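The file entry_23.pdb comes next; it holds PDB, C-alpha atoms and all ligand atoms.
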ATOM      1  CA  MET A   1     -13.771  21.442  -6.027
ATOM      2  CA  LEU A   2     -10.283  21.029  -7.377
ATOM      3  CA  ASP A   3      -9.895  20.873 -11.099
ATOM      4  CA  ASN A   4      -8.929  17.526 -12.459
ATOM      5  CA  LEU A   5      -6.123  17.065 -14.900
ATOM      6  CA  THR A   6      -8.363  17.043 -17.941
ATOM      7  CA  GLN A   7      -9.802  20.440 -17.035
ATOM      8  CA  ARG A   8      -6.385  21.826 -16.220
ATOM      9  CA  LEU A   9      -4.900  20.794 -19.528
ATOM     10  CA  ALA A  10      -7.880  22.037 -21.491
ATOM     11  CA  ARG A  11      -7.214  25.452 -19.996
ATOM     12  CA  VAL A  12      -3.524  25.338 -20.849
ATOM     13  CA  MET A  13      -4.311  24.476 -24.445
ATOM     14  CA  LYS A  14      -6.620  27.468 -24.690
ATOM     15  CA  THR A  15      -4.101  29.894 -23.293
ATOM     16  CA  LEU A  16      -1.158  28.777 -25.358
ATOM     17  CA  ARG A  17      -1.299  31.877 -27.503
ATOM     18  CA  GLY A  18      -3.711  30.362 -29.912
ATOM     19  CA  GLU A  19      -1.417  27.463 -30.626
ATOM     20  CA  ALA A  20      -3.589  24.377 -30.698
ATOM     21  CA  ARG A  21      -0.550  22.225 -30.526
ATOM     22  CA  LEU A  22       1.845  21.213 -27.870
ATOM     23  CA  THR A  23       5.393  21.887 -28.829
ATOM     24  CA  GLU A  24       8.758  21.379 -27.240
ATOM     25  CA  ALA A  25       8.677  25.064 -26.369
ATOM     26  CA  ASN A  26       5.348  25.161 -24.590
ATOM     27  CA  ILE A  27       5.196  21.713 -23.030
ATOM     28  CA  GLY A  28       6.651  23.138 -19.806
ATOM     29  CA  GLU A  29       3.389  24.872 -19.064
ATOM     30  CA  ALA A  30       1.370  21.723 -19.573
ATOM     31  CA  LEU A  31       3.734  19.751 -17.365
ATOM     32  CA  ARG A  32       3.336  22.378 -14.683
ATOM     33  CA  GLU A  33      -0.373  21.619 -14.641
ATOM     34  CA  VAL A  34       0.365  17.915 -14.427
ATOM     35  CA  ARG A  35       2.614  18.621 -11.448
ATOM     36  CA  LEU A  36      -0.101  20.647  -9.681
ATOM     37  CA  ALA A  37      -2.713  17.977 -10.289
ATOM     38  CA  LEU A  38      -0.391  15.368  -8.752
ATOM     39  CA  LEU A  39       0.333  17.581  -5.753
ATOM     40  CA  GLU A  40      -3.371  18.025  -5.203
ATOM     41  CA  ALA A  41      -3.768  14.260  -5.339
ATOM     42  CA  ASP A  42      -1.248  14.136  -2.474
ATOM     43  CA  VAL A  43       1.619  12.541  -4.345
ATOM     44  CA  ALA A  44       4.941  13.294  -2.636
ATOM     45  CA  LEU A  45       7.428  15.522  -4.454
ATOM     46  CA  PRO A  46      10.218  13.005  -5.158
ATOM     47  CA  ALA A  47       7.692  10.708  -6.837
ATOM     48  CA  ILE A  48       6.311  13.630  -8.858
ATOM     49  CA  LYS A  49       9.765  14.574 -10.072
ATOM     50  CA  ASP A  50      10.431  11.101 -11.410
ATOM     51  CA  LEU A  51       7.059  10.944 -13.048
ATOM     52  CA  ILE A  52       7.374  14.330 -14.708
ATOM     53  CA  ALA A  53      10.801  13.417 -16.053
ATOM     54  CA  ALA A  54       9.422  10.218 -17.564
ATOM     55  CA  VAL A  55       6.398  12.004 -19.003
ATOM     56  CA  ARG A  56       8.492  14.782 -20.512
ATOM     57  CA  GLU A  57      10.734  12.303 -22.254
ATOM     58  CA  LYS A  58       7.803  10.321 -23.659
ATOM     59  CA  ALA A  59       5.839  13.408 -24.605
ATOM     60  CA  ILE A  60       8.682  14.998 -26.490
ATOM     61  CA  GLY A  61       9.770  11.723 -27.949
ATOM     62  CA  GLU A  62       6.542  10.600 -29.427
ATOM     63  CA  GLU A  63       2.862  10.902 -29.736
ATOM     64  CA  VAL A  64       1.976  14.117 -27.912
ATOM     65  CA  ILE A  65       3.785  16.758 -29.892
ATOM     66  CA  GLY A  66       2.062  17.148 -33.173
ATOM     67  CA  SER A  67      -1.000  15.258 -32.039
ATOM     68  CA  LEU A  68      -4.325  16.803 -32.994
ATOM     69  CA  SER A  69      -5.547  16.584 -29.396
ATOM     70  CA  PRO A  70      -2.323  17.001 -27.472
ATOM     71  CA  GLY A  71      -4.077  17.468 -24.126
ATOM     72  CA  GLN A  72      -5.693  14.056 -24.401
ATOM     73  CA  ALA A  73      -2.476  12.526 -25.669
ATOM     74  CA  LEU A  74      -0.571  13.976 -22.736
ATOM     75  CA  ILE A  75      -3.116  12.643 -20.254
ATOM     76  CA  GLY A  76      -2.684   9.258 -21.914
ATOM     77  CA  VAL A  77       1.075   9.420 -21.385
ATOM     78  CA  VAL A  78       0.673  10.514 -17.751
ATOM     79  CA  HIS A  79      -1.819   7.721 -17.126
ATOM     80  CA  ARG A  80       0.468   5.094 -18.622
ATOM     81  CA  GLU A  81       3.535   6.319 -16.735
ATOM     82  CA  LEU A  82       1.601   6.474 -13.454
ATOM     83  CA  THR A  83       0.399   2.927 -13.974
ATOM     84  CA  LYS A  84       3.912   1.788 -14.767
ATOM     85  CA  LEU A  85       5.356   3.457 -11.685
ATOM     86  CA  MET A  86       2.760   1.744  -9.539
ATOM     87  CA  GLY A  87       3.636  -1.673 -10.847
ATOM     88  CA  ASP A  88       1.551  -2.466 -13.949
ATOM     89  CA  ALA A  89      -0.342  -5.603 -12.915
ATOM     90  CA  HIS A  90      -1.808  -6.934  -9.682
ATOM     91  CA  SER A  91       0.482  -9.119  -7.618
ATOM     92  CA  GLY A  92      -0.993 -11.470  -5.021
ATOM     93  CA  LEU A  93       0.402 -13.052  -1.873
ATOM     94  CA  ASN A  94       3.434 -15.274  -2.199
ATOM     95  CA  MET A  95       2.776 -18.754  -0.825
ATOM     96  CA  ALA A  96       5.643 -20.556  -2.485
ATOM     97  CA  THR A  97       7.154 -22.025   0.629
ATOM     98  CA  GLN A  98       6.967 -25.033   2.883
ATOM     99  CA  PRO A  99       3.773 -24.438   4.940
ATOM    100  CA  PRO A 100       3.026 -22.538   7.003
ATOM    101  CA  ALA A 101       3.523 -19.412   4.919
ATOM    102  CA  VAL A 102       4.252 -16.785   7.563
ATOM    103  CA  MET A 103       3.027 -13.246   6.910
ATOM    104  CA  LEU A 104       4.103 -10.384   9.142
ATOM    105  CA  MET A 105       2.115  -7.169   9.326
ATOM    106  CA  ALA A 106       3.960  -3.904   9.918
ATOM    107  CA  GLY A 107       2.714  -0.344  10.259
ATOM    108  CA  LEU A 108       1.712   2.456  12.585
ATOM    109  CA  GLN A 109      -1.042   2.144  15.140
ATOM    110  CA  GLY A 110      -4.378   2.775  13.518
ATOM    111  CA  ALA A 111      -3.125   1.974  10.011
ATOM    112  CA  GLY A 112      -5.487  -0.979   9.852
ATOM    113  CA  LYS A 113      -3.210  -3.951  10.569
ATOM    114  CA  THR A 114      -5.611  -5.949  12.727
ATOM    115  CA  THR A 115      -8.521  -5.340  10.390
ATOM    116  CA  THR A 116      -6.333  -6.322   7.439
ATOM    117  CA  VAL A 117      -5.286  -9.554   9.161
ATOM    118  CA  GLY A 118      -8.989 -10.383   9.405
ATOM    119  CA  LYS A 119      -9.592  -9.497   5.760
ATOM    120  CA  LEU A 120      -6.648 -11.540   4.501
ATOM    121  CA  ALA A 121      -7.610 -14.460   6.749
ATOM    122  CA  LYS A 122     -11.145 -14.440   5.392
ATOM    123  CA  MET A 123      -9.971 -14.214   1.804
ATOM    124  CA  LEU A 124      -7.402 -16.989   2.227
ATOM    125  CA  ARG A 125      -9.923 -19.262   3.915
ATOM    126  CA  GLU A 126     -12.838 -18.617   1.598
ATOM    127  CA  THR A 127     -11.284 -18.212  -1.806
ATOM    128  CA  GLN A 128      -8.113 -20.235  -1.461
ATOM    129  CA  LYS A 129      -9.364 -22.823   1.044
ATOM    130  CA  LYS A 130      -6.362 -22.277   3.290
ATOM    131  CA  LYS A 131      -6.153 -23.283   6.926
ATOM    132  CA  VAL A 132      -5.209 -20.028   8.638
ATOM    133  CA  LEU A 133      -3.860 -19.246  12.111
ATOM    134  CA  VAL A 134      -3.636 -15.692  13.453
ATOM    135  CA  VAL A 135      -1.700 -14.381  16.437
ATOM    136  CA  SER A 136      -1.152 -10.972  18.004
ATOM    137  CA  CYS A 137       2.261  -9.814  19.201
ATOM    138  CA  ASP A 138       0.846  -6.535  20.499
ATOM    139  CA  VAL A 139       1.706  -6.951  24.168
ATOM    140  CA  TYR A 140       1.244  -3.244  24.888
ATOM    141  CA  ARG A 141      -2.466  -3.087  24.301
ATOM    142  CA  PRO A 142      -4.477  -6.019  25.669
ATOM    143  CA  ALA A 143      -7.438  -4.594  23.753
ATOM    144  CA  ALA A 144      -5.533  -5.234  20.524
ATOM    145  CA  ILE A 145      -5.265  -8.943  21.313
ATOM    146  CA  GLU A 146      -8.999  -9.038  22.057
ATOM    147  CA  GLN A 147      -9.708  -7.184  18.821
ATOM    148  CA  LEU A 148      -7.807  -9.800  16.838
ATOM    149  CA  LYS A 149      -9.746 -12.554  18.610
ATOM    150  CA  THR A 150     -13.017 -10.959  17.502
ATOM    151  CA  VAL A 151     -11.776 -10.456  13.980
ATOM    152  CA  ALA A 152     -10.566 -14.078  13.762
ATOM    153  CA  ALA A 153     -13.995 -15.316  14.840
ATOM    154  CA  GLN A 154     -15.618 -13.164  12.135
ATOM    155  CA  ALA A 155     -13.190 -14.519   9.559
ATOM    156  CA  GLY A 156     -13.764 -18.092  10.727
ATOM    157  CA  VAL A 157     -10.094 -18.814  11.355
ATOM    158  CA  GLU A 158      -8.159 -20.047  14.339
ATOM    159  CA  PHE A 159      -6.826 -17.514  16.863
ATOM    160  CA  LEU A 160      -3.888 -18.374  19.100
ATOM    161  CA  PRO A 161      -4.223 -16.521  22.419
ATOM    162  CA  SER A 162      -1.309 -14.465  23.671
ATOM    163  CA  THR A 163      -0.894 -12.311  26.779
ATOM    164  CA  SER A 164       0.783  -9.034  27.583
ATOM    165  CA  SER A 165       3.215 -10.758  29.939
ATOM    166  CA  GLU A 166       4.876 -12.618  27.049
ATOM    167  CA  LYS A 167       7.654 -11.330  24.827
ATOM    168  CA  PRO A 168       6.589 -10.620  21.227
ATOM    169  CA  VAL A 169       9.360 -12.815  19.840
ATOM    170  CA  ASP A 170       8.310 -15.751  22.033
ATOM    171  CA  ILE A 171       4.684 -15.327  20.987
ATOM    172  CA  ALA A 172       5.666 -15.416  17.329
ATOM    173  CA  ARG A 173       7.953 -18.441  17.733
ATOM    174  CA  ASN A 174       5.302 -20.362  19.660
ATOM    175  CA  ALA A 175       2.726 -19.529  17.037
ATOM    176  CA  LEU A 176       4.988 -20.800  14.285
ATOM    177  CA  ASP A 177       5.551 -24.012  16.205
ATOM    178  CA  TRP A 178       1.795 -24.396  16.759
ATOM    179  CA  ALA A 179       1.041 -23.743  13.103
ATOM    180  CA  LYS A 180       3.545 -26.405  12.047
ATOM    181  CA  ARG A 181       2.211 -28.993  14.436
ATOM    182  CA  HIS A 182      -1.396 -28.350  13.448
ATOM    183  CA  PHE A 183      -0.759 -28.192   9.726
ATOM    184  CA  HIS A 184      -1.807 -24.637   9.086
ATOM    185  CA  ASP A 185      -1.152 -23.335   5.596
ATOM    186  CA  VAL A 186      -0.762 -19.727   6.663
ATOM    187  CA  LEU A 187       0.236 -17.912   9.850
ATOM    188  CA  LEU A 188      -0.672 -14.215  10.009
ATOM    189  CA  VAL A 189       1.300 -12.314  12.639
ATOM    190  CA  ASP A 190      -0.196  -9.036  13.849
ATOM    191  CA  THR A 191       2.217  -6.638  15.491
ATOM    192  CA  ALA A 192       2.143  -3.591  17.727
ATOM    193  CA  GLY A 193       2.162  -0.189  16.125
ATOM    194  CA  ARG A 194       3.013   3.128  17.721
ATOM    195  CA  LEU A 195       1.470   6.440  16.907
ATOM    196  CA  ALA A 196       4.802   7.599  15.571
ATOM    197  CA  ILE A 197       7.899   5.796  14.435
ATOM    198  CA  ASP A 198      10.311   5.049  17.246
ATOM    199  CA  GLU A 199      13.482   3.072  17.490
ATOM    200  CA  ALA A 200      12.266   0.545  20.031
ATOM    201  CA  MET A 201       9.341  -0.360  17.805
ATOM    202  CA  MET A 202      11.540  -0.783  14.747
ATOM    203  CA  LYS A 203      13.983  -2.950  16.677
ATOM    204  CA  GLU A 204      11.189  -5.128  17.981
ATOM    205  CA  ILE A 205       9.659  -5.743  14.591
ATOM    206  CA  ALA A 206      13.075  -6.481  13.076
ATOM    207  CA  GLU A 207      13.576  -9.104  15.806
ATOM    208  CA  LEU A 208      10.175 -10.580  15.092
ATOM    209  CA  HIS A 209      11.106 -10.779  11.438
ATOM    210  CA  ALA A 210      14.355 -12.578  12.220
ATOM    211  CA  ALA A 211      12.548 -15.024  14.509
ATOM    212  CA  VAL A 212       9.865 -16.208  12.079
ATOM    213  CA  LYS A 213      11.386 -15.436   8.655
ATOM    214  CA  PRO A 214       8.123 -14.483   6.942
ATOM    215  CA  ILE A 215       7.639 -15.054   3.237
ATOM    216  CA  GLU A 216       5.527 -11.905   3.184
ATOM    217  CA  THR A 217       6.340  -8.797   5.202
ATOM    218  CA  LEU A 218       3.456  -6.489   4.508
ATOM    219  CA  PHE A 219       3.542  -2.790   5.206
ATOM    220  CA  VAL A 220       0.041  -1.585   6.053
ATOM    221  CA  VAL A 221      -0.472   2.114   5.427
ATOM    222  CA  ASP A 222      -3.395   4.496   5.648
ATOM    223  CA  ALA A 223      -4.075   6.172   2.300
ATOM    224  CA  MET A 224      -5.382   9.229   4.154
ATOM    225  CA  LEU A 225      -1.832   9.924   5.358
ATOM    226  CA  GLY A 226      -1.208  11.463   1.965
ATOM    227  CA  GLN A 227       2.327  12.773   1.595
ATOM    228  CA  ASP A 228       3.245  11.755   5.157
ATOM    229  CA  ALA A 229       3.038   8.155   4.009
ATOM    230  CA  ILE A 230       6.443   8.636   2.446
ATOM    231  CA  ASN A 231       8.260   9.074   5.800
ATOM    232  CA  THR A 232       6.555   6.116   7.411
ATOM    233  CA  ALA A 233       7.265   3.955   4.383
ATOM    234  CA  LYS A 234      10.902   4.975   4.427
ATOM    235  CA  ALA A 235      11.344   4.086   8.108
ATOM    236  CA  PHE A 236       9.696   0.702   7.719
ATOM    237  CA  SER A 237      11.526  -0.215   4.559
ATOM    238  CA  GLU A 238      14.838   0.600   6.218
ATOM    239  CA  ALA A 239      14.017  -1.581   9.216
ATOM    240  CA  LEU A 240      12.532  -4.528   7.332
ATOM    241  CA  PRO A 241      12.835  -6.272   3.974
ATOM    242  CA  LEU A 242       9.266  -5.470   2.958
ATOM    243  CA  THR A 243       7.701  -7.677   0.310
ATOM    244  CA  GLY A 244       4.512  -5.778  -0.302
ATOM    245  CA  ILE A 245       2.159  -3.004   0.709
ATOM    246  CA  ILE A 246      -1.468  -2.869   1.706
ATOM    247  CA  LEU A 247      -3.065   0.531   1.310
ATOM    248  CA  THR A 248      -6.030   0.976   3.637
ATOM    249  CA  LYS A 249      -8.990   3.343   3.853
ATOM    250  CA  LEU A 250      -9.268   3.902   0.139
ATOM    251  CA  ASP A 251     -13.023   4.017   0.648
ATOM    252  CA  GLY A 252     -12.467   7.466   2.158
ATOM    253  CA  ASP A 253     -11.822  10.556   0.106
ATOM    254  CA  ALA A 254      -8.060  10.071  -0.252
ATOM    255  CA  ARG A 255      -7.078  10.866  -3.821
ATOM    256  CA  GLY A 256      -4.654   7.975  -3.788
ATOM    257  CA  GLY A 257      -1.388   9.856  -4.086
ATOM    258  CA  ALA A 258      -0.051   7.829  -1.164
ATOM    259  CA  ALA A 259      -0.023   4.801  -3.463
ATOM    260  CA  LEU A 260       2.534   6.338  -5.763
ATOM    261  CA  SER A 261       4.621   7.775  -2.921
ATOM    262  CA  VAL A 262       4.818   4.518  -0.999
ATOM    263  CA  ARG A 263       5.612   2.530  -4.073
ATOM    264  CA  HIS A 264       8.285   5.061  -4.970
ATOM    265  CA  VAL A 265      10.132   4.795  -1.639
ATOM    266  CA  THR A 266       9.842   1.073  -1.065
ATOM    267  CA  GLY A 267       9.945  -0.216  -4.625
ATOM    268  CA  ARG A 268       7.545  -2.929  -3.453
ATOM    269  CA  PRO A 269       4.207  -3.800  -5.040
ATOM    270  CA  ILE A 270       0.956  -2.623  -3.522
ATOM    271  CA  LYS A 271      -0.840  -5.935  -3.252
ATOM    272  CA  TYR A 272      -4.232  -5.068  -1.768
ATOM    273  CA  ALA A 273      -6.389  -2.103  -0.960
ATOM    274  CA  GLY A 274      -8.590  -1.753   2.109
ATOM    275  CA  VAL A 275     -11.961  -0.318   1.109
ATOM    276  CA  GLY A 276     -14.034  -0.497   4.278
ATOM    277  CA  GLU A 277     -14.110  -1.445   7.930
ATOM    278  CA  LYS A 278     -15.835  -4.773   7.293
ATOM    279  CA  LEU A 279     -13.846  -7.900   6.524
ATOM    280  CA  THR A 280     -15.271  -7.938   3.017
ATOM    281  CA  GLY A 281     -13.592  -4.575   2.359
ATOM    282  CA  LEU A 282     -10.463  -5.823   0.666
ATOM    283  CA  GLU A 283      -9.681  -5.540  -3.035
ATOM    284  CA  ALA A 284      -6.799  -6.562  -5.233
ATOM    285  CA  PHE A 285      -4.819  -3.434  -6.027
ATOM    286  CA  HIS A 286      -4.976  -2.422  -9.674
ATOM    287  CA  PRO A 287      -2.374   0.209 -10.625
ATOM    288  CA  GLU A 288      -4.333   1.257 -13.669
ATOM    289  CA  ARG A 289      -7.487   2.076 -11.713
ATOM    290  CA  MET A 290      -5.420   3.960  -9.155
ATOM    291  CA  ALA A 291      -3.842   6.019 -11.911
ATOM    292  CA  SER A 292      -7.333   7.092 -13.007
ATOM    293  CA  ARG A 293      -8.225   8.000  -9.440
ATOM    294  CA  ILE A 294      -5.085  10.083  -9.007
ATOM    295  CA  LEU A 295      -5.746  11.931 -12.241
ATOM    296  CA  GLY A 296      -9.344  12.619 -11.125
TER     297      GLY A 296
HETATM  298  P1  LIG B   1      -4.142  -1.226  13.676
HETATM  299  O1  LIG B   1      -3.923  -0.369  14.902
HETATM  300  O2  LIG B   1      -3.107  -0.975  12.649
HETATM  301  O3  LIG B   1      -4.299  -2.668  13.993
HETATM  302  O4  LIG B   1      -5.512  -0.710  13.048
HETATM  303  P2  LIG B   1      -6.987  -1.311  13.139
HETATM  304  O5  LIG B   1      -7.106  -2.549  12.345
HETATM  305  O6  LIG B   1      -7.409  -1.391  14.569
HETATM  306  O7  LIG B   1      -7.802  -0.176  12.370
HETATM  307  C1  LIG B   1      -7.905   1.151  12.862
HETATM  308  C2  LIG B   1      -9.246   1.745  12.438
HETATM  309  O8  LIG B   1      -9.279   1.854  11.027
HETATM  310  C3  LIG B   1     -10.426   0.874  12.824
HETATM  311  O9  LIG B   1     -11.484   1.706  13.238
HETATM  312  C4  LIG B   1     -10.771   0.145  11.534
HETATM  313  O10 LIG B   1     -12.134  -0.208  11.459
HETATM  314  C5  LIG B   1     -10.423   1.186  10.502
HETATM  315  N1  LIG B   1     -10.063   0.610   9.180
HETATM  316  C6  LIG B   1      -9.126  -0.327   8.889
HETATM  317  N2  LIG B   1      -9.078  -0.543   7.553
HETATM  318  C7  LIG B   1     -10.003   0.260   6.984
HETATM  319  C8  LIG B   1     -10.435   0.507   5.628
HETATM  320  O11 LIG B   1      -9.926  -0.065   4.636
HETATM  321  N3  LIG B   1     -11.409   1.442   5.461
HETATM  322  C9  LIG B   1     -11.970   2.112   6.530
HETATM  323  N4  LIG B   1     -12.919   3.001   6.269
HETATM  324  N5  LIG B   1     -11.593   1.913   7.794
HETATM  325  C10 LIG B   1     -10.623   1.001   8.026
END
Would you write out, as structure tokens, the structure that this file holds?
Amino acid sequence: MLDNLTQRLARVMKTLRGEARLTEANIGEALREVRLALLEADVALPAIKDLIAAVREKAIGEEVIGSLSPGQALIGVVHRELTKLMGDAHSGLNMATQPPAVMLMAGLQGAGKTTTVGKLAKMLRETQKKKVLVVSCDVYRPAAIEQLKTVAAQAGVEFLPSTSSEKPVDIARNALDWAKRHFHDVLLVDTAGRLAIDEAMMKEIAELHAAVKPIETLFVVDAMLGQDAINTAKAFSEALPLTGIILTKLDGDARGGAALSVRHVTGRPIKYAGVGEKLTGLEAFHPERMASRILG
């Protein structure tokens, strides 16, 4: 078992040569423990650096130094800064457009895009009473189109069939046209994902984006990727004007560091979290709760 931050800091306080207090001189050691705890939670280094800088400034500036329980005070500062870096409050899907609101899913194969389309469709239909259409532009894997069909049926929303002989851009354009003519409120566009980032894939999704001008371009990323999430996020945010992130597989044992890393590179809010394979496994993302998870 890895030590959590509370245990780590308690140890630092004990070993600080009998000083019960955190001072400007010895705060470095405490921050080192913070850094290790974040690394163990799989936060990527650039994000850690920013966080440590912010924490140091706050800790020296105010409540920690001189506090009677400096360890606790420091954890408080770290928790607040983590929350802030992850976006403070929950932000939902943007629908402020002439219907249909088009939402494009982007991400690697296996990230959870198709499942997430089903989850969002179900949520939009059930809780927001929206008329939802879903379509798959994954012409490389016929099984992916079938999977979306199944998921749409489970979510109780309309599925527009597509085939692997069509071009992804044509599929998306046709779907948009269909959604307009049949008065759908939302069109969710599932896309192909490769196992690794490649140029052809990025070009294709950028073309899809240009063709349907989505109000939401959602980057779906597997929380279990840990630090690797940062490279994927970078590639996608360079290829597309992302509007938000969906972090999947948080029901697994990922410590959640990917949340901070992805937010750090893209600057976009994490809107939802995937917490299971079933279509009910979707939660609003709460930065504050994620901060607690990262700190352990
Ligand atoms: P895609 O290739 O990006 O469309 O990914 P899929 O939607 O096919 O998902 C890949 C695998 O991850 C499937 O086995 C899903 O059931 C699973 N999956 C997706 N989201 C979650 C989640 O939030 N939690 C868990 N445990 N599994 C998930």
Could you make a table, as a Markdown table, of the residues of region 267-290 of chain A that have an atom within 8 Å of an atom of region 75-83 of chain A, each with its nearest atom pair and distance in Å to one decimal, counting all atoms listed in the file, in chain and number order?
| residue | atom | partner | partner_atom | distance |
| --- | --- | --- | --- | --- |
| A:Pro287 | CA | A:Thr83 | CA | 5.1 |
| A:Glu288 | CA | A:Thr83 | CA | 5.0 |
| A:Met290 | CA | A:Thr83 | CA | 7.6 |
Write out, as an mmCIF file, in the frame of the given file, the residues just selected, with C-alpha atoms.
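Result file selection.cif:
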data_model
loop_
_atom_site.group_PDB
_atom_site.id
_atom_site.type_symbol
_atom_site.label_atom_id
_atom_site.label_comp_id
_atom_site.auth_asym_id
_atom_site.auth_seq_id
_atom_site.Cartn_x
_atom_site.Cartn_y
_atom_site.Cartn_z
ATOM 1 C CA PRO A 287 -2.374 0.209 -10.625
ATOM 2 C CA GLU A 288 -4.333 1.257 -13.669
ATOM 3 C CA MET A 290 -5.420 3.960 -9.155
#
Extract, using all atoms listed in the file, all DNA, RNA and protein residues at most 8 Å from region 34-38 of chain A, discarding same-chain residues fewer than 4 positions from it, and format them as a compact mmCIF listing (two decimals) with C-alpha atoms, in the coordinates of the input.
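The result, written out as out07.txt:
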# COMPACT_ATOMS: atom_id res chain seq x y z
CA ASP A 3 -9.90 20.87 -11.10
CA ASN A 4 -8.93 17.53 -12.46
CA LEU A 5 -6.12 17.07 -14.90
CA ARG A 8 -6.38 21.83 -16.22
CA LEU A 9 -4.90 20.79 -19.53
CA ALA A 30 1.37 21.72 -19.57
CA ASP A 42 -1.25 14.14 -2.47
CA VAL A 43 1.62 12.54 -4.34
CA ILE A 48 6.31 13.63 -8.86
CA ILE A 52 7.37 14.33 -14.71
CA GLY A 257 -1.39 9.86 -4.09
CA ILE A 294 -5.08 10.08 -9.01
CA LEU A 295 -5.75 11.93 -12.24
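Take the candidates A:Gly267, A:Gly193, A:Gly28, A:Pro142 and check each one against Pro161 (chain A) using only C-alpha atoms; the shortest distance goes to A:Pro142.
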So which residues get picked by the PyMOL selection byres (((chain A and resi 135-137) around 9) and not hetatm) here, written as a PyMOL selection string?
-> chain A and resi 114+133-134+138-140+144-145+148-149+158-164+166-172+175+187-192+208
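Checking A:Ala101, A:Leu108, A:Ala235, A:Val12 one by one against ligand LIG 1 (chain B), counting all atoms listed in the file, you find the shortest gap at A:Leu108.
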Coordinates-based distance that separates CA of Arg11 (chain A) from CA of Ala258 (chain A) (Å, one decimal) = 26.8 Å
Chain A near ligand LIG 1 (chain B) within 8 Å: what's each residue's closest atom pair and its distance in Å to one decimal, counting only C-alpha atoms and all ligand atoms, ordered by chain then ascending residue number, as CSV?
residue,atom,partner,partner_atom,distance
A:Gly107,CA,B:LIG1,O2,6.3
A:Leu108,CA,B:LIG1,O2,5.9
A:Gln109,CA,B:LIG1,O1,3.8
A:Gly110,CA,B:LIG1,O1,3.5
A:Ala111,CA,B:LIG1,O2,4.0
A:Gly112,CA,B:LIG1,O4,3.2
A:Lys113,CA,B:LIG1,O2,3.6
A:Thr114,CA,B:LIG1,O5,3.7
A:Thr115,CA,B:LIG1,O5,3.7
A:Thr116,CA,B:LIG1,O5,6.2
A:Val117,CA,B:LIG1,O5,7.9
A:Ala144,CA,B:LIG1,O3,7.1
A:Gln147,CA,B:LIG1,O6,7.5
A:Asp190,CA,B:LIG1,O3,7.6
A:Thr191,CA,B:LIG1,O3,7.8
A:Ala192,CA,B:LIG1,O1,7.4
A:Gly193,CA,B:LIG1,O1,6.2
A:Val220,CA,B:LIG1,O2,7.3
A:Asp222,CA,B:LIG1,N2,7.8
A:Leu247,CA,B:LIG1,O11,7.6
A:Thr248,CA,B:LIG1,O11,4.2
A:Lys249,CA,B:LIG1,N3,3.5
A:Leu250,CA,B:LIG1,O11,6.0
A:Asp251,CA,B:LIG1,N3,5.7
A:Gly252,CA,B:LIG1,N4,6.1
A:Ala273,CA,B:LIG1,O11,6.9
A:Gly274,CA,B:LIG1,O11,3.3
A:Val275,CA,B:LIG1,O11,4.1
A:Gly276,CA,B:LIG1,N3,3.5
A:Glu277,CA,B:LIG1,N5,4.2
A:Lys278,CA,B:LIG1,O10,7.2
A:Gly281,CA,B:LIG1,O11,6.2
A:Leu282,CA,B:LIG1,O11,7.0
Quote the spacing between CA of Met86 (chain A) and CA of Ile27 (chain A) in Å to one decimal place.
->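 Rounded to one decimal, the two atoms are 24.2 Å apart.
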Just need the box for region 104-117 of chain A, edges along x, y and z, holding every atom the file lists for it with 8 Å tacked onto each side, so centre and edge lengths in Å to one decimal, as AutoDock Vina command-line options.
--center_x -2.2 --center_y -3.8 --center_z 11.3 --size_x 28.6 --size_y 29.2 --size_z 23.7
Counting only C-alpha atoms, the option among A:Ser292, A:Asn26, A:Gln72, A:Gln98 closest to Lys180 (chain A) =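 Checking each candidate against Lys180 (chain A), we get A:Gln98 as the closest.
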Name the residues that the PyMOL selection byres (((chain A and resi 87) around 12) and not hetatm) pulls out of this structure, and write them as a PyMOL selection string.
-> chain A and resi 80-86+88-91+244-245+259-260+262-264+266-271+285-291
Please supply region 171-176 of chain A, rebuilt with N, CA, C and O atoms, as a JSON list (two decimals), in the frame of the given file.
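Resulting contents of result-v4.json:
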[["chain", "number", "residue", "atom", "x", "y", "z"],
["A", 171, "ILE", "N", 6.04, -15.09, 21.50],
["A", 171, "ILE", "CA", 4.68, -15.33, 20.99],
["A", 171, "ILE", "C", 4.77, -15.81, 19.53],
["A", 171, "ILE", "O", 4.14, -16.79, 19.14],
["A", 172, "ALA", "N", 5.57, -15.10, 18.76],
["A", 172, "ALA", "CA", 5.67, -15.42, 17.33],
["A", 172, "ALA", "C", 6.27, -16.81, 17.11],
["A", 172, "ALA", "O", 5.79, -17.59, 16.28],
["A", 173, "ARG", "N", 7.32, -17.12, 17.86],
["A", 173, "ARG", "CA", 7.95, -18.44, 17.73],
["A", 173, "ARG", "C", 6.98, -19.56, 18.11],
["A", 173, "ARG", "O", 6.88, -20.56, 17.41],
["A", 174, "ASN", "N", 6.28, -19.35, 19.23],
["A", 174, "ASN", "CA", 5.30, -20.36, 19.66],
["A", 174, "ASN", "C", 4.21, -20.56, 18.61],
["A", 174, "ASN", "O", 3.77, -21.68, 18.35],
["A", 175, "ALA", "N", 3.79, -19.44, 18.04],
["A", 175, "ALA", "CA", 2.73, -19.53, 17.04],
["A", 175, "ALA", "C", 3.20, -20.32, 15.82],
["A", 175, "ALA", "O", 2.47, -21.13, 15.25],
["A", 176, "LEU", "N", 4.44, -20.08, 15.44],
["A", 176, "LEU", "CA", 4.99, -20.80, 14.28],
["A", 176, "LEU", "C", 5.04, -22.30, 14.58],
["A", 176, "LEU", "O", 4.67, -23.13, 13.74]]
